[in-house]
file query.txt (compact mmCIF, C-alpha atoms)
# COMPACT_ATOMS: atom_id res chain seq x y z
CA MET A 17 -23.58 11.41 -0.60
CA LYS A 18 -20.69 9.77 -2.36
CA ASN A 19 -17.30 9.13 -0.92
CA GLN A 20 -14.29 8.51 -3.09
CA LEU A 21 -11.01 7.38 -1.67
CA ILE A 22 -8.04 6.48 -3.78
CA LEU A 23 -5.04 5.28 -1.89
CA PHE A 24 -1.70 4.66 -3.48
CA PHE A 25 1.57 3.24 -2.28
CA ASN A 26 4.83 2.63 -4.09
CA THR A 27 8.22 1.44 -2.98
CA ILE A 28 11.58 1.27 -4.74
CA PHE A 29 12.63 -2.38 -4.67
CA MET A 30 16.32 -1.46 -4.92
CA ALA A 31 16.62 -0.98 -1.16
CA ILE A 32 14.30 -1.49 1.79
CA ILE A 33 14.97 0.46 4.94
CA LEU A 34 12.74 -0.45 7.86
CA GLN A 35 12.55 1.12 11.28
CA SER A 36 10.91 -0.51 14.28
CA CYS A 37 7.99 1.33 15.84
CA SER A 38 8.53 2.74 19.32
CA ASP A 39 6.05 2.64 22.19
CA SER A 40 4.55 5.75 23.73
CA SER A 41 1.86 6.26 26.33
CA ASN A 42 0.26 8.92 24.11
CA GLU A 43 -0.08 6.64 21.10
CA ILE A 44 -3.29 5.04 19.87
CA PRO A 45 -3.64 1.61 21.52
CA LEU A 46 -2.34 -1.24 19.36
CA THR A 47 -4.00 -4.56 18.72
CA GLU A 48 -2.77 -7.69 20.45
CA GLU A 49 0.56 -9.14 19.39
CA PRO A 50 0.17 -10.60 15.87
CA LYS A 51 0.01 -14.34 15.32
CA GLN A 52 1.14 -16.70 12.58
CA THR A 53 -0.88 -15.82 9.48
CA THR A 54 -2.77 -18.93 8.42
CA THR A 55 -6.24 -17.41 7.91
CA VAL A 56 -7.70 -14.25 6.41
CA THR A 57 -8.72 -13.14 9.91
CA GLU A 58 -5.16 -13.35 11.20
CA LEU A 59 -3.92 -11.50 8.12
CA SER A 60 -6.42 -8.73 8.90
CA GLU A 61 -5.16 -8.57 12.49
CA ALA A 62 -1.61 -8.16 11.20
CA ASN A 63 -2.88 -5.37 8.96
CA GLN A 64 -4.32 -3.56 12.00
CA PHE A 65 -1.02 -3.97 13.84
CA LEU A 66 0.85 -2.34 10.96
CA GLY A 67 -1.82 0.31 10.43
CA TRP A 68 -1.89 1.61 13.99
CA ASN A 69 1.90 1.70 14.25
CA LEU A 70 2.25 3.55 10.97
CA LEU A 71 -0.58 5.95 11.79
CA ASN A 72 1.04 6.78 15.13
CA GLN A 73 4.31 7.61 13.37
CA GLU A 74 2.62 9.72 10.70
CA ILE A 75 0.60 11.69 13.28
CA ALA A 76 3.76 12.35 15.29
CA ALA A 77 5.62 13.53 12.18
CA LYS A 78 2.75 15.65 10.82
CA GLN A 79 1.10 17.07 13.91
CA ASP A 80 -0.45 20.02 12.06
CA GLU A 81 -1.84 18.02 9.15
CA ASN A 82 -4.68 15.62 8.50
CA VAL A 83 -3.33 12.10 8.06
CA ILE A 84 -4.91 9.37 5.97
CA ILE A 85 -3.16 6.14 5.02
CA SER A 86 -4.00 2.79 3.45
CA PRO A 87 -2.52 0.07 5.66
CA LEU A 88 -3.75 -2.58 3.22
CA SER A 89 -1.86 -1.02 0.31
CA ILE A 90 1.32 -0.72 2.34
CA GLN A 91 0.96 -4.22 3.75
CA ILE A 92 0.52 -5.78 0.30
CA ALA A 93 3.49 -3.91 -1.16
CA LEU A 94 5.74 -5.04 1.70
CA GLN A 95 4.42 -8.60 1.50
CA MET A 96 5.36 -8.72 -2.18
CA ALA A 97 8.81 -7.34 -1.38
CA ALA A 98 9.24 -10.02 1.30
CA ASN A 99 9.20 -12.66 -1.43
CA GLY A 100 12.45 -11.22 -2.76
CA ALA A 101 14.16 -10.96 0.63
CA LYS A 102 15.90 -13.36 2.97
CA GLY A 103 17.82 -13.40 6.24
CA ALA A 104 17.74 -10.27 8.40
CA THR A 105 15.96 -8.23 5.71
CA LEU A 106 13.10 -10.73 5.53
CA ASP A 107 12.86 -10.88 9.33
CA GLU A 108 12.61 -7.07 9.52
CA ILE A 109 9.91 -6.89 6.85
CA LEU A 110 7.82 -9.55 8.59
CA GLU A 111 8.20 -7.78 11.93
CA VAL A 112 7.08 -4.45 10.46
CA ILE A 113 3.98 -5.93 8.81
CA GLY A 114 3.03 -7.58 12.10
CA CYS A 115 3.68 -11.17 11.06
CA LYS A 116 6.95 -12.15 12.70
CA ASN A 117 8.21 -15.62 11.77
CA CYS A 118 5.41 -16.06 9.23
CA ASP A 119 5.88 -18.06 6.06
CA PRO A 120 5.72 -15.68 3.04
CA LYS A 121 4.03 -18.39 0.97
CA SER A 122 1.15 -18.68 3.44
CA ILE A 123 0.88 -14.88 3.51
CA ASN A 124 0.61 -14.87 -0.28
CA GLU A 125 -2.19 -17.44 -0.22
CA GLN A 126 -4.22 -15.61 2.42
CA THR A 127 -3.70 -12.25 0.68
CA LYS A 128 -5.21 -13.72 -2.48
CA LEU A 129 -8.28 -14.84 -0.51
CA LEU A 130 -8.58 -11.47 1.23
CA SER A 131 -8.33 -9.61 -2.09
CA GLN A 132 -11.11 -11.77 -3.53
CA ILE A 133 -13.34 -11.10 -0.53
CA LEU A 134 -12.76 -7.34 -0.67
CA SER A 135 -13.04 -6.90 -4.43
CA GLN A 136 -15.53 -9.58 -5.47
CA GLN A 137 -17.67 -10.40 -2.45
CA SER A 138 -18.02 -7.05 -0.69
CA GLY A 139 -21.29 -6.09 -2.39
CA HIS A 140 -22.05 -2.56 -3.58
CA PRO A 141 -18.70 -0.80 -2.91
CA THR A 142 -16.22 -0.72 -5.79
CA LEU A 143 -12.76 -1.80 -4.73
CA SER A 144 -9.93 -2.87 -7.00
CA LEU A 145 -6.37 -3.86 -6.15
CA SER A 146 -3.59 -3.75 -8.75
CA ASN A 147 0.08 -4.65 -8.46
CA GLY A 148 2.92 -3.98 -10.86
CA PHE A 149 6.67 -4.49 -11.00
CA PHE A 150 8.50 -2.22 -13.44
CA TYR A 151 12.23 -2.75 -13.91
CA ASP A 152 15.19 -2.08 -16.16
CA ASP A 153 16.42 -5.49 -17.31
CA LYS A 154 19.83 -3.97 -18.12
CA LYS A 155 20.27 -3.20 -14.41
CA LEU A 156 18.38 -6.07 -12.81
CA ALA A 157 18.25 -9.79 -13.59
CA LEU A 158 14.83 -10.90 -12.39
CA ASN A 159 14.79 -14.13 -10.37
CA PRO A 160 12.11 -16.47 -11.83
CA THR A 161 11.30 -17.71 -8.32
CA PHE A 162 10.45 -14.17 -7.21
CA GLN A 163 8.27 -13.66 -10.27
CA SER A 164 6.36 -16.89 -9.73
CA SER A 165 5.86 -16.11 -6.02
CA LEU A 166 3.78 -13.05 -6.94
CA VAL A 167 1.20 -15.02 -8.92
CA ASP A 168 -1.18 -14.77 -5.95
CA TYR A 169 -1.00 -10.97 -6.26
CA ASP A 170 -1.80 -10.94 -10.00
CA CYS A 171 1.31 -8.79 -10.32
CA VAL A 172 2.23 -7.65 -13.82
CA PHE A 173 5.91 -7.46 -14.78
CA GLN A 174 7.06 -4.92 -17.36
CA THR A 175 10.56 -4.02 -18.49
CA SER A 176 11.67 -0.59 -19.59
CA ASP A 177 14.94 1.14 -20.43
CA PHE A 178 15.21 3.65 -17.58
CA ASN A 179 17.80 5.60 -19.58
CA ASN A 180 14.87 6.54 -21.81
CA GLN A 181 13.24 8.41 -18.95
CA ASN A 182 10.27 9.85 -20.82
CA ALA A 183 9.18 6.50 -22.20
CA SER A 184 9.58 4.80 -18.81
CA LEU A 185 7.66 7.53 -16.98
CA ASN A 186 4.85 7.33 -19.52
CA LEU A 187 4.69 3.55 -19.16
CA ILE A 188 4.43 3.65 -15.36
CA ASN A 189 2.19 6.72 -15.08
CA ASP A 190 -0.20 5.46 -17.75
CA TRP A 191 -0.54 2.19 -15.83
CA VAL A 192 -1.21 4.11 -12.62
CA LYS A 193 -3.82 6.28 -14.33
CA ALA A 194 -5.61 3.26 -15.76
CA LYS A 195 -5.65 1.36 -12.45
CA THR A 196 -7.04 4.33 -10.52
CA ASN A 197 -9.74 5.18 -13.08
CA GLY A 198 -7.93 8.39 -13.97
CA LYS A 199 -7.88 9.70 -10.40
CA ILE A 200 -4.07 9.57 -10.19
CA ASP A 201 -2.54 10.58 -13.49
CA LYS A 202 1.08 10.90 -12.41
CA MET A 203 2.96 8.94 -9.78
CA LEU A 204 6.55 9.53 -10.90
CA THR A 205 8.09 12.74 -12.18
CA GLU A 206 11.64 11.45 -12.61
CA ILE A 207 13.74 8.30 -12.55
CA GLN A 208 17.14 8.61 -10.92
CA ASP A 209 20.31 6.78 -11.97
CA GLU A 210 20.23 4.50 -8.93
CA ASP A 211 16.63 3.37 -9.56
CA ILE A 212 16.50 -0.15 -10.93
CA SER A 213 12.86 -1.09 -10.31
CA PHE A 214 9.53 0.04 -8.92
CA LEU A 215 7.16 -2.23 -7.01
CA ILE A 216 3.75 -0.57 -7.09
CA ASN A 217 0.42 -1.29 -5.40
CA ALA A 218 -2.66 0.71 -6.35
CA LEU A 219 -5.95 0.58 -4.44
CA TYR A 220 -9.09 2.23 -5.81
CA PHE A 221 -12.19 2.53 -3.65
CA LYS A 222 -15.56 4.12 -4.28
CA ALA A 223 -18.74 3.66 -2.24
CA SER A 224 -21.73 5.38 -0.70
CA TRP A 225 -21.77 6.03 3.02
CA THR A 226 -23.44 3.24 4.99
CA GLU A 227 -25.35 5.96 6.83
CA ALA A 228 -25.32 9.15 4.78
CA PHE A 229 -25.06 12.45 6.65
CA PRO A 230 -28.11 14.65 5.87
CA GLU A 231 -27.16 17.49 3.53
CA TYR A 232 -29.58 19.84 5.30
CA SER A 233 -27.57 19.39 8.49
CA SER A 234 -24.39 20.68 6.83
CA ILE A 235 -23.22 24.27 7.02
CA LYS A 236 -20.04 25.98 5.92
CA ARG A 237 -17.76 26.66 8.87
CA GLY A 238 -14.06 27.14 9.49
CA PHE A 239 -12.05 23.98 10.03
CA THR A 240 -10.01 24.05 13.22
CA THR A 241 -6.51 22.59 13.28
CA PRO A 242 -3.91 22.71 16.07
CA LYS A 243 -2.58 25.89 14.44
CA GLY A 244 -5.97 27.60 14.27
CA ILE A 245 -8.92 27.92 11.94
CA TYR A 246 -8.47 27.33 8.21
call {"tool": "encode", "arguments": {"input": "query.txt", "output": "structure tokens"}}
result
Amino acid sequence: MKNQLILFFNTIFMAIILQSCSDSSNEIPLTEEPKQTTTVTELSEANQFLGWNLLNQEIAAKQDENVIISPLSIQIALQMAANGAKGATLDEILEVIGCKNCDPKSINEQTKLLSQILSQQSGHPTLSLSNGFFYDDKKLALNPTFQSSLVDYDCVFQTSDFNNQNASLNLINDWVKAKTNGKIDKMLTEIQDEDISFLINALYFKASWTEAFPEYSSIKRGFTTPKGIY
């Protein structure tokens, strides 16, 4: 039995609006308070912190739907964005990703190591991580320091005239399609006037089940949701 999971996250770098996660007795228990990220293990713990908080919020907002997220994709995208932030904005990003008061440079270094472990040393499963920054250089002057800080993420930088919407959409969507092995062929359908850049993380995963469920034990039945049987 094969399992394919393609998880995709994108964020507009023009503005970052972050909201702190609230506590609730009905929520899934969180991991212990995150620590300074100086090792891959601590980075993974921060990822769990973010993942559980985000999952709790998504479940609360979509109570009648199945929810699946990629905390790693979201964490990496926000970590890249942190390199272009400072002051209160940087503090809020670090708090959301579960790494309060962490040094973005050390996060970058450990993310590179984690990506290598997951994509090159994980054995049989196929996992690839891709990062891209697409921007209109007529609207945004890219800071060289920000660009160099994303070397650890192997982030590609591409410029495009967003006024030529069709060409820009084709550029971004073709990149997305290539990085997800054709599984996601369209990420954007339009570019609005206020859009100046897109910071994109794509995660592609394909693997067999560690313990495959016997096909002979499967039968077709209705799937029960809180609203009833589908």
call {"tool": "residues_around", "arguments": {"input": "query.txt", "residues": "Lys121 in chain A", "least_positions_apart": "4", "cutoff": "9 Å", "atoms": "all atoms listed in the file", "output": "tab-separated table (two decimals) with C-alpha atoms, in the coordinates of the input"}}
result
chain	number	residue	atom	x	y	z
A	99	ASN	CA	9.20	-12.66	-1.43
A	125	GLU	CA	-2.19	-17.44	-0.22
A	126	GLN	CA	-4.22	-15.61	2.42
A	165	SER	CA	5.86	-16.11	-6.02
call {"tool": "atom_distance", "arguments": {"input": "query.txt", "atom1": "CA of Leu185 in chain A", "atom2": "CA of Asp168 in chain A"}}
result
26.4 Å
call {"tool": "atom_distance", "arguments": {"input": "query.txt", "atom1": "CA of Leu187 in chain A", "atom2": "CA of Ile207 in chain A"}}
result
12.2 Å
call {"tool": "closest_residue", "arguments": {"input": "query.txt", "among": "A:Val112, A:Leu130, A:Ala183, A:Ala223", "to": "Thr205 in chain A", "atoms": "all atoms listed in the file"}}
result
A:Ala183
call {"tool": "residues_around", "arguments": {"input": "query.txt", "residues": "Asp177 in chain A", "least_positions_apart": "6", "cutoff": "9 Å", "atoms": "all atoms listed in the file", "output": "list in words"}}
result
Tyr151, Asp152, Asp153, Lys154, Ala183 and Ser184 of chain A
call {"tool": "residues_around", "arguments": {"input": "query.txt", "residues": "Pro242 in chain A", "least_positions_apart": "2", "cutoff": "10 Å", "atoms": "only C-alpha atoms", "output": "PyMOL selection string"}}
result
chain A and resi 79-81+240+244-245
call {"tool": "residues_around", "arguments": {"input": "query.txt", "residues": "range 146-150 of chain A", "least_positions_apart": "4", "cutoff": "7 Å", "atoms": "only C-alpha atoms", "output": "list of chain:residue names"}}
result
A:Tyr169, A:Asp170, A:Cys171, A:Val172, A:Phe173, A:Gln174, A:Thr175, A:Lys195, A:Ser213, A:Phe214, A:Leu215, A:Ile216, A:Asn217, A:Ala218, A:Leu219
call {"tool": "axis_aligned_box", "arguments": {"input": "query.txt", "around": "range 150-156 of chain A", "padding_each_side": "5 Å", "output": "JSON"}}
result
{"center_x": 14.4, "center_y": -4.1, "center_z": -15.5, "size_x": 21.8, "size_y": 14.0, "size_z": 15.3}
call {"tool": "closest_residue", "arguments": {"input": "query.txt", "among": "A:Leu156, A:Trp225, A:Asn182, A:Ile235", "to": "Leu204 in chain A", "atoms": "only C-alpha atoms"}}
result
A:Asn182
call {"tool": "atom_distance", "arguments": {"input": "query.txt", "atom1": "CA of Ala62 in chain A", "atom2": "CA of Lys102 in chain A"}}
result
20.0 Å
call {"tool": "residues_around", "arguments": {"input": "query.txt", "residues": "Lys202 in chain A", "least_positions_apart": "3", "cutoff": "8 Å", "atoms": "all atoms listed in the file", "output": "MDAnalysis selection string"}}
result
chainID A and resid 189:190 192:193 205
call {"tool": "write_last_selection", "arguments": {"input": "query.txt", "atoms": "C-alpha atoms", "output": "mmCIF file, in the coordinates of the input"}}
result
data_model
loop_
_atom_site.group_PDB
_atom_site.id
_atom_site.type_symbol
_atom_site.label_atom_id
_atom_site.label_comp_id
_atom_site.auth_asym_id
_atom_site.auth_seq_id
_atom_site.Cartn_x
_atom_site.Cartn_y
_atom_site.Cartn_z
ATOM 1 C CA ASN A 189 2.190 6.720 -15.080
ATOM 2 C CA ASP A 190 -0.200 5.460 -17.750
ATOM 3 C CA VAL A 192 -1.210 4.110 -12.620
ATOM 4 C CA LYS A 193 -3.820 6.280 -14.330
ATOM 5 C CA THR A 205 8.090 12.740 -12.180
#
call {"tool": "closest_residue", "arguments": {"input": "query.txt", "among": "A:Asn179, A:Gln73, A:Gln91, A:Asn186", "to": "Cys115 in chain A", "atoms": "only C-alpha atoms"}}
result
A:Gln91
call {"tool": "closest_residue", "arguments": {"input": "query.txt", "among": "A:Ser86, A:Ser224, A:Ser164, A:Ser60", "to": "Pro141 in chain A", "atoms": "only C-alpha atoms"}}
result
A:Ser224
call {"tool": "build_atoms", "arguments": {"input": "query.txt", "residues": "range 191-202 of chain A", "atoms": "all heavy atoms", "output": "tab-separated table (two decimals), keeping the file's coordinate frame"}}
result
chain	number	residue	atom	x	y	z
A	191	TRP	N	0.00	3.35	-16.55
A	191	TRP	CA	-0.54	2.19	-15.83
A	191	TRP	C	-1.24	2.65	-14.56
A	191	TRP	O	-2.34	2.18	-14.24
A	191	TRP	CB	0.61	1.24	-15.49
A	191	TRP	CG	0.19	-0.01	-14.78
A	191	TRP	CD1	-0.24	-1.17	-15.35
A	191	TRP	CD2	0.15	-0.23	-13.36
A	191	TRP	NE1	-0.54	-2.11	-14.38
A	191	TRP	CE2	-0.30	-1.55	-13.15
A	191	TRP	CE3	0.47	0.56	-12.26
A	191	TRP	CZ2	-0.45	-2.10	-11.88
A	191	TRP	CZ3	0.33	0.01	-10.99
A	191	TRP	CH2	-0.13	-1.29	-10.79
A	192	VAL	N	-0.62	3.57	-13.84
A	192	VAL	CA	-1.21	4.11	-12.62
A	192	VAL	C	-2.55	4.77	-12.92
A	192	VAL	O	-3.55	4.56	-12.22
A	192	VAL	CB	-0.26	5.13	-11.95
A	192	VAL	CG1	-0.97	5.87	-10.83
A	192	VAL	CG2	0.97	4.43	-11.41
A	193	LYS	N	-2.60	5.57	-13.96
A	193	LYS	CA	-3.82	6.28	-14.33
A	193	LYS	C	-4.94	5.30	-14.66
A	193	LYS	O	-6.10	5.48	-14.24
A	193	LYS	CB	-3.56	7.20	-15.52
A	193	LYS	CG	-4.76	8.04	-15.93
A	193	LYS	CD	-4.39	9.00	-17.06
A	193	LYS	CE	-5.58	9.87	-17.44
A	193	LYS	NZ	-5.22	10.83	-18.53
A	194	ALA	N	-4.61	4.25	-15.39
A	194	ALA	CA	-5.61	3.26	-15.76
A	194	ALA	C	-6.14	2.50	-14.54
A	194	ALA	O	-7.35	2.25	-14.42
A	194	ALA	CB	-5.03	2.27	-16.77
A	195	LYS	N	-5.25	2.16	-13.61
A	195	LYS	CA	-5.65	1.36	-12.45
A	195	LYS	C	-6.38	2.17	-11.39
A	195	LYS	O	-6.98	1.60	-10.48
A	195	LYS	CB	-4.42	0.69	-11.84
A	195	LYS	CG	-3.74	-0.31	-12.77
A	195	LYS	CD	-4.69	-1.37	-13.26
A	195	LYS	CE	-4.02	-2.36	-14.21
A	195	LYS	NZ	-4.97	-3.38	-14.73
A	196	THR	N	-6.32	3.48	-11.48
A	196	THR	CA	-7.04	4.33	-10.52
A	196	THR	C	-8.18	5.09	-11.20
A	196	THR	O	-8.64	6.11	-10.70
A	196	THR	CB	-6.09	5.34	-9.85
A	196	THR	OG1	-5.47	6.15	-10.86
A	196	THR	CG2	-5.03	4.64	-9.04
A	197	ASN	N	-8.62	4.56	-12.35
A	197	ASN	CA	-9.74	5.18	-13.08
A	197	ASN	C	-9.50	6.65	-13.34
A	197	ASN	O	-10.42	7.47	-13.27
A	197	ASN	CB	-11.06	4.99	-12.33
A	197	ASN	CG	-11.55	3.56	-12.39
A	197	ASN	OD1	-11.04	2.74	-13.15
A	197	ASN	ND2	-12.54	3.23	-11.58
A	198	GLY	N	-8.26	7.01	-13.63
A	198	GLY	CA	-7.93	8.39	-13.97
A	198	GLY	C	-7.79	9.32	-12.80
A	198	GLY	O	-7.51	10.51	-12.98
A	199	LYS	N	-7.95	8.83	-11.58
A	199	LYS	CA	-7.88	9.70	-10.40
A	199	LYS	C	-6.44	10.09	-10.06
A	199	LYS	O	-6.20	11.15	-9.48
A	199	LYS	CB	-8.53	9.01	-9.18
A	199	LYS	CG	-10.00	8.71	-9.37
A	199	LYS	CD	-10.80	9.99	-9.61
A	199	LYS	CE	-12.27	9.70	-9.76
A	199	LYS	NZ	-13.05	10.94	-10.01
A	200	ILE	N	-5.50	9.24	-10.37
A	200	ILE	CA	-4.07	9.57	-10.19
A	200	ILE	C	-3.43	9.47	-11.56
A	200	ILE	O	-3.29	8.37	-12.11
A	200	ILE	CB	-3.39	8.61	-9.20
A	200	ILE	CG1	-4.05	8.68	-7.83
A	200	ILE	CG2	-1.90	8.93	-9.08
A	200	ILE	CD1	-3.50	7.71	-6.81
A	201	ASP	N	-3.07	10.60	-12.13
A	201	ASP	CA	-2.54	10.58	-13.49
A	201	ASP	C	-1.02	10.65	-13.54
A	201	ASP	O	-0.44	10.50	-14.63
A	201	ASP	CB	-3.14	11.71	-14.32
A	201	ASP	CG	-2.87	13.08	-13.72
A	201	ASP	OD1	-2.14	13.16	-12.72
A	201	ASP	OD2	-3.39	14.07	-14.27
A	202	LYS	N	-0.38	10.83	-12.42
A	202	LYS	CA	1.08	10.90	-12.41
A	202	LYS	C	1.59	10.49	-11.04
A	202	LYS	O	1.33	11.14	-10.04
A	202	LYS	CB	1.56	12.30	-12.76
A	202	LYS	CG	3.08	12.43	-12.85
A	202	LYS	CD	3.50	13.83	-13.29
A	202	LYS	CE	3.07	14.12	-14.71
A	202	LYS	NZ	3.58	15.44	-15.18
